[in-house]
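Peer 1: Sending over a structure as structure tokens; questions will come in a sec.
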Protein chains: 2
Amino acid sequence: MTGLEDVAKLAGVSPATASRALSRPELVAEATRERVREAARTLGYQPNVLARSLRQRGSRALGLVITDILNAFHATLAKAVQDVADAQGYTLLMFNTDEEPAKERRAFETLRGHLPQGLIVVPTPATHRNLDLLPGLPVVELDRASGRAGAYTVMVDNEVGAYRAVTHLAALGHRRIGMIVGRLDISTAVERHEGYRRALLEAGLPYRPELVLPGDHREAGGRAAAHTLLTLPPAERPTALFVGNNEMTVGAVLATRDLGLRLPGDLSLVGFDDSRWAQTILPALTVVAQPAYELGALACQTLLARLAGEPVPTSVRLQTTLIERDSVAPPPAGRPLSQTAGSA
Amino acid sequence: MTGLEDVAKLAGVSPATASRALSRPELVAEATRERVREAARTLGYQPNVLARSLRQRGSRALGLVITDILNAFHATLAKAVQDVADAQGYTLLMFNTDEEPAKERRAFETLRGHLPQGLIVVPTPATHRNLDLLPGLPVVELDRASGRAGAYTVMVDNEVGAYRAVTHLAALGHRRIGMIVGRLDISTAVERHEGYRRALLEAGLPYRPELVLPGDHREAGGRAAAHTLLTLPPAERPTALFVGNNEMTVGAVLATRDLGLRLPGDLSLVGFDDSRWAQTILPALTVVAQPAYELGALACQTLLARLAGEPVPTSVRLQTTLIERDSVAPPPAGRPLSQTAGSA
DNA sequence: CTGAAAGCGCTAACAT
DNA sequence: ATGTTAGCGCTTTCAG
């Protein structure tokens, strides 16, 4: 490895000056600066970031801890964070938690040893505690909130997104609208559930706990939950389903196929989070779209701005968009509504 | 930050002993070892990997450079590499190249400064040259080969995979089989193309250059290429299509929809690389499935084995599986075959 | 504006 | 088996 000393020697200066010429050019005379740069170029000098970071007590690296890189939404978040970090010359140390608090804990521990400048994390239910491992580190929470006091968060307005989706269904005449909600120890699920609830309330529809099933945010969970809801007795079965994330939406669609139900004839479906899958499946799915890339980019920008000492808002909410496609229609005419109106 | 010195003080030993107790326990008396470990635990000591790596002239980190994290296949590769690296206590420095040589170059430069122990790379067409930036670094090429002499590679048997797919189509009676091939400066595309060619040859079918179109490995490119092939005059139009990667396959399916062609009635289609999309689209797609996770895991294992000085094969090929689903059928009966037989 | 010298936290000789 | 010492490559006081 060619080091700074080699460069200094070739340029005929001390290592200190060479360092300054490359890192803080304004402290060095123009002529010297150029000589050093030239020397660095000819030698193909690449600074040893380990030594630099050790000395400066902090590396030009950021931690990114996400929950599931195989989920297209999260992969998009990661890509966006990468792009921004990269553009600013930061290296990303990326970890996957698979939603497991223990893995997140290990990720934080490993990260600590690398002295990153900051962290972007998609919280698990344990992030609140695990962040104690990184005292003083600037953190931006992405997509979800850990509930930590004073945390910086970049999220989507889940409550309004869900509210609009369910209102849309109610406006079409649906009276029994089910929801597959996700894990209630994750903030997005809670908020989407609240939006669902408010939409029902404002539409004058009763909230029926038996129509609200938790899922695990994965395809299998969504499929099982949808199966349960759609095999209820005809009078109780929902005519529309609002599904709380992209993977569970896939499961729900597969469940309708298992049961021979047609979309939107037999059932209306709205998913949360758009995807190519939702766009290209037949019928194309009506969804609450999230600006995934913007979300990730904004999180990274927020973190970098904080590091630069610029004032940044503690909490940012981006808006979702209801994209109407072909999986929603008025409820089937032949279905009895009398029973349903019971407690309204 | 609590450092090794604090631990040593608390345990009543020298920093050197503390270091040994934690990193090379066999060099230290049992009692001392326990005392140091205890001290480390109570202080919540976390080693500074920067200092350690600087001293040891190499960090316990690996580089992973992939081309497109938004592609599910590549995301799966990345996940697998992560899992294995993580299990062995290695940190992954991950970079995205978007297939751009310049980005790959920057990734390599950045990586170098971090003194990684090794690198796993999905090569771009420029990897051959760019690797000069990392002289002496153990490298494993994943999914594709850069063409570097002596490189370690972990790939799929693309030639055989493609051969089987096309043979399958030919056996069903297809005589005009088109291919959307990908960029011919990428080894997988070349190999799949060779398999296509051999299958044609063995089936006694002529190789028709006009039925072979390059794509850019993305959806839009596949769609455009398929559109071109499927709007050829009826006598020249292919009755079956073999598509060289997952994203272009999506494009090809969308093109059939644009043109109102039914699968498999009007056209048979085989894609390379399975995906949930291919499984759940209607009709479900016949594909050449790749063991993506195994591929990534094996690449990381190969690299780690090399680092451990164990002998490892220079080149590993995993087999693909032809999964027959519903996008393939015999060619439409009404189509004239006479014209086609011309040069056979 | 530039150089000399110290030290970031750790580990590897070298001693004992 | 443990302590002492030196130094990884860089940046940063502190002098000049």
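Ordering of the structure tokens sets the chain letters (A, B, ...); residue numbers start at 1 within each chain; ligands are numbered from 1 in the order shown.
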If DSSP is run on the backbone, what residues of stretch 156-252 of chain B are strand (DSSP E)? A reply as a PyMOL selection string would be ideal.
Peer 2: chain B and resi 156+177-180+212-213+240-243
Peer 1: Could you pull out all residues of stretch 51-225 of chain B with a DSSP call of alpha helix (DSSP H) and give them as a VMD selection string?
Peer 2: chain B and resid 51 to 56 72 to 87 101 to 113 127 to 130 158 to 171 187 to 202 219 to 225
Peer 1: Any chance you can output those residues with C-alpha atoms as a JSON list (two decimals), in the first residue's frame?
Peer 2:
[["chain", "number", "residue", "atom", "x", "y", "z"],
["B", 51, "ALA", "CA", -7.99, 0.57, 15.77],
["B", 52, "ARG", "CA", -7.87, -3.18, 15.59],
["B", 53, "SER", "CA", -8.00, -3.24, 11.83],
["B", 54, "LEU", "CA", -5.39, -0.55, 11.55],
["B", 55, "ARG", "CA", -3.06, -2.52, 13.72],
["B", 56, "GLN", "CA", -3.76, -5.82, 12.05],
["B", 72, "ALA", "CA", -35.19, -9.59, -6.66],
["B", 73, "PHE", "CA", -32.58, -12.06, -7.85],
["B", 74, "HIS", "CA", -29.75, -9.78, -6.85],
["B", 75, "ALA", "CA", -31.42, -8.87, -3.58],
["B", 76, "THR", "CA", -31.56, -12.56, -2.80],
["B", 77, "LEU", "CA", -27.88, -12.95, -3.59],
["B", 78, "ALA", "CA", -27.15, -10.05, -1.27],
["B", 79, "LYS", "CA", -29.27, -11.48, 1.51],
["B", 80, "ALA", "CA", -27.50, -14.81, 1.28],
["B", 81, "VAL", "CA", -24.06, -13.22, 1.34],
["B", 82, "GLN", "CA", -25.12, -11.11, 4.32],
["B", 83, "ASP", "CA", -26.41, -14.08, 6.25],
["B", 84, "VAL", "CA", -23.21, -16.06, 5.80],
["B", 85, "ALA", "CA", -20.90, -13.13, 6.47],
["B", 86, "ASP", "CA", -22.88, -12.21, 9.52],
["B", 87, "ALA", "CA", -22.79, -15.72, 10.90],
["B", 101, "PRO", "CA", -18.50, 0.76, -14.68],
["B", 102, "ALA", "CA", -17.85, 4.20, -13.22],
["B", 103, "LYS", "CA", -19.87, 3.43, -10.11],
["B", 104, "GLU", "CA", -18.10, 0.14, -9.77],
["B", 105, "ARG", "CA", -14.81, 1.92, -9.98],
["B", 106, "ARG", "CA", -15.76, 4.29, -7.21],
["B", 107, "ALA", "CA", -17.02, 1.40, -5.12],
["B", 108, "PHE", "CA", -13.69, -0.35, -5.47],
["B", 109, "GLU", "CA", -11.79, 2.80, -4.54],
["B", 110, "THR", "CA", -13.88, 3.40, -1.47],
["B", 111, "LEU", "CA", -13.60, -0.22, -0.53],
["B", 112, "ARG", "CA", -9.86, -0.15, -0.74],
["B", 113, "GLY", "CA", -9.61, 2.46, 1.94],
["B", 127, "THR", "CA", -14.76, -5.43, -13.70],
["B", 128, "HIS", "CA", -11.88, -6.97, -15.54],
["B", 129, "ARG", "CA", -10.09, -3.63, -15.55],
["B", 130, "ASN", "CA", -11.47, -2.18, -12.33],
["B", 158, "ASN", "CA", -26.41, -20.99, -17.91],
["B", 159, "GLU", "CA", -25.67, -22.86, -21.06],
["B", 160, "VAL", "CA", -27.41, -26.01, -19.92],
["B", 161, "GLY", "CA", -30.28, -24.08, -18.39],
["B", 162, "ALA", "CA", -30.97, -22.31, -21.65],
["B", 163, "TYR", "CA", -30.44, -25.48, -23.64],
["B", 164, "ARG", "CA", -33.08, -27.31, -21.66],
["B", 165, "ALA", "CA", -35.59, -24.51, -21.95],
["B", 166, "VAL", "CA", -35.25, -24.28, -25.70],
["B", 167, "THR", "CA", -35.16, -28.03, -26.15],
["B", 168, "HIS", "CA", -38.40, -28.19, -24.22],
["B", 169, "LEU", "CA", -39.98, -25.74, -26.64],
["B", 170, "ALA", "CA", -38.63, -27.52, -29.68],
["B", 171, "ALA", "CA", -39.87, -30.87, -28.43],
["B", 187, "SER", "CA", -21.19, -13.64, -19.50],
["B", 188, "THR", "CA", -24.58, -14.97, -18.47],
["B", 189, "ALA", "CA", -26.16, -13.59, -21.61],
["B", 190, "VAL", "CA", -23.48, -15.11, -23.78],
["B", 191, "GLU", "CA", -23.82, -18.50, -22.16],
["B", 192, "ARG", "CA", -27.58, -18.54, -22.34],
["B", 193, "HIS", "CA", -27.33, -17.60, -25.94],
["B", 194, "GLU", "CA", -24.99, -20.50, -26.56],
["B", 195, "GLY", "CA", -27.43, -22.88, -24.92],
["B", 196, "TYR", "CA", -30.18, -21.56, -27.14],
["B", 197, "ARG", "CA", -28.03, -22.06, -30.17],
["B", 198, "ARG", "CA", -27.05, -25.58, -29.29],
["B", 199, "ALA", "CA", -30.64, -26.56, -28.58],
["B", 200, "LEU", "CA", -31.68, -25.25, -31.96],
["B", 201, "LEU", "CA", -28.88, -27.12, -33.63],
["B", 202, "GLU", "CA", -29.65, -30.41, -31.98],
["B", 219, "GLU", "CA", -38.29, -4.55, -18.04],
["B", 220, "ALA", "CA", -38.51, -1.81, -20.63],
["B", 221, "GLY", "CA", -35.89, -3.41, -22.82],
["B", 222, "GLY", "CA", -37.62, -6.77, -22.68],
["B", 223, "ARG", "CA", -40.90, -5.20, -23.56],
["B", 224, "ALA", "CA", -39.50, -3.38, -26.56],
["B", 225, "ALA", "CA", -37.66, -6.44, -27.82]]
Peer 1: For chain A, list the residues within 8 Å of chain C, counting only C-alpha atoms (C1' of nucleotides), and write the list as a PyMOL selection string.
Peer 2: chain A and resi 14+16-17+27-29+54-57
Peer 1: Since we have the selection now, will you write its residues out, keeping N, CA, C and O atoms, as a compact mmCIF listing (two decimals), in the first residue's frame?
Peer 2:
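Saved to out-v2.txt:
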# COMPACT_ATOMS: atom_id res chain seq x y z
N SER A 14 6.45 17.53 4.14
CA SER A 14 6.25 16.65 5.30
C SER A 14 4.89 15.97 5.18
O SER A 14 4.01 16.46 4.49
N ALA A 16 2.62 15.96 7.25
CA ALA A 16 1.57 16.86 7.73
C ALA A 16 1.05 17.74 6.62
O ALA A 16 -0.16 17.89 6.43
N THR A 17 1.98 18.28 5.86
CA THR A 17 1.56 19.14 4.76
C THR A 17 0.81 18.35 3.69
O THR A 17 -0.19 18.82 3.14
N LEU A 27 -5.52 25.39 3.62
CA LEU A 27 -4.45 25.68 4.57
C LEU A 27 -3.06 25.62 3.93
O LEU A 27 -2.06 25.74 4.63
N VAL A 28 -3.03 25.41 2.65
CA VAL A 28 -1.76 25.13 2.00
C VAL A 28 -1.56 26.04 0.78
O VAL A 28 -2.53 26.37 0.10
N ALA A 29 -0.36 26.42 0.54
CA ALA A 29 -0.08 27.28 -0.62
C ALA A 29 -0.43 26.56 -1.91
O ALA A 29 -0.22 25.35 -2.04
N LEU A 54 -9.77 6.60 12.92
CA LEU A 54 -9.27 6.38 14.27
C LEU A 54 -8.81 7.70 14.85
O LEU A 54 -9.17 8.08 15.96
N ARG A 55 -8.07 8.40 14.06
CA ARG A 55 -7.55 9.68 14.52
C ARG A 55 -8.68 10.69 14.76
O ARG A 55 -8.71 11.40 15.76
N GLN A 56 -9.59 10.71 13.84
CA GLN A 56 -10.67 11.70 13.94
C GLN A 56 -11.81 11.25 14.83
O GLN A 56 -12.81 11.95 14.98
N ARG A 57 -11.68 10.07 15.35
CA ARG A 57 -12.70 9.53 16.24
C ARG A 57 -14.07 9.55 15.58
O ARG A 57 -15.04 10.09 16.10
Peer 1: Please determine the contact residues of chain D with respect to chain A at a cut-off of 7 Å, counting only C-alpha atoms (C1' of nucleotides), and supply them as a ChimeraX atom specification.
Peer 2: /D:9-11
Peer 1: Take the residues from that selection and write them out as a JSON list (two decimals), in the first residue's frame, keeping N, CA, C and O atoms (P, O5', C5', C4', C3', O3' and C1' of nucleotides).
Peer 2:
[["chain", "number", "residue", "atom", "x", "y", "z"],
["D", 9, "DG", "P", 0.98, 1.31, 7.55],
["D", 9, "DG", "O5'", 0.13, 2.64, 7.41],
["D", 9, "DG", "C5'", -1.25, 2.57, 7.13],
["D", 9, "DG", "C4'", -1.87, 3.93, 7.40],
["D", 9, "DG", "C3'", -1.22, 5.09, 6.64],
["D", 9, "DG", "O3'", -2.26, 5.71, 5.92],
["D", 9, "DG", "C1'", -1.46, 5.61, 8.94],
["D", 10, "DC", "P", -2.09, 7.03, 5.10],
["D", 10, "DC", "O5'", -2.67, 8.11, 6.12],
["D", 10, "DC", "C5'", -4.06, 8.08, 6.42],
["D", 10, "DC", "C4'", -4.33, 8.81, 7.70],
["D", 10, "DC", "C3'", -4.22, 10.32, 7.62],
["D", 10, "DC", "O3'", -5.51, 10.85, 7.34],
["D", 10, "DC", "C1'", -3.29, 9.43, 9.65],
["D", 11, "DT", "P", -5.67, 12.36, 6.97],
["D", 11, "DT", "O5'", -5.61, 13.05, 8.40],
["D", 11, "DT", "C5'", -6.71, 12.83, 9.28],
["D", 11, "DT", "C4'", -6.44, 13.50, 10.60],
["D", 11, "DT", "C3'", -6.47, 15.02, 10.60],
["D", 11, "DT", "O3'", -7.18, 15.37, 11.77],
["D", 11, "DT", "C1'", -4.46, 14.29, 11.54]]
Peer 1: Give me, please, the distance in Å between atom CA of A:Leu303 and atom CA of A:Leu318, quoted to one decimal.
Peer 2: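 Taking atom CA of A:Leu303 as the start and atom CA of A:Leu318 as the end point, the length is 16.5 Å.
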Peer 1: Go through B:Lys9, B:Arg60, B:Arg237, B:His174 and flag the residue nearest chain A, using only C-alpha atoms for the distances.
Peer 2: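 So, comparing all the options, the nearest one is B:Arg60.
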Peer 1: Need the shell around stretch 209-218 of chain A: protein/DNA/RNA residues with any atom at most 8 Å away, counting only C-alpha atoms (C1' of nucleotides). Skip same-chain ones fewer than 4 positions apart. Format as a PyMOL selection string?
Peer 2: chain A and resi 176-184+222+225+229+238+244-248+251
Peer 1: Figure out the distance between atom CA of B:Leu282 and atom CA of B:Val328, please, to one decimal in Å.
Peer 2: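 Those two atoms sit 12.2 Å apart.
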Peer 1: B:Val7, B:Val139, B:Ala18, B:Leu232: which is nearest D:DT2, counting only C-alpha atoms (C1' of nucleotides)?
Peer 2: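 Ranked by minimum distance to D:DT2, first place goes to B:Ala18.
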Peer 1: Mind checking which residues fall within 8 Å of A:Leu22, counting only C-alpha atoms (C1' of nucleotides), ignoring those fewer than 4 positions away in the same chain, and posting them as a list in words?
Peer 2: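 Everything that qualifies: Ala18, Arg33, Val36 and Arg37 of chain A.
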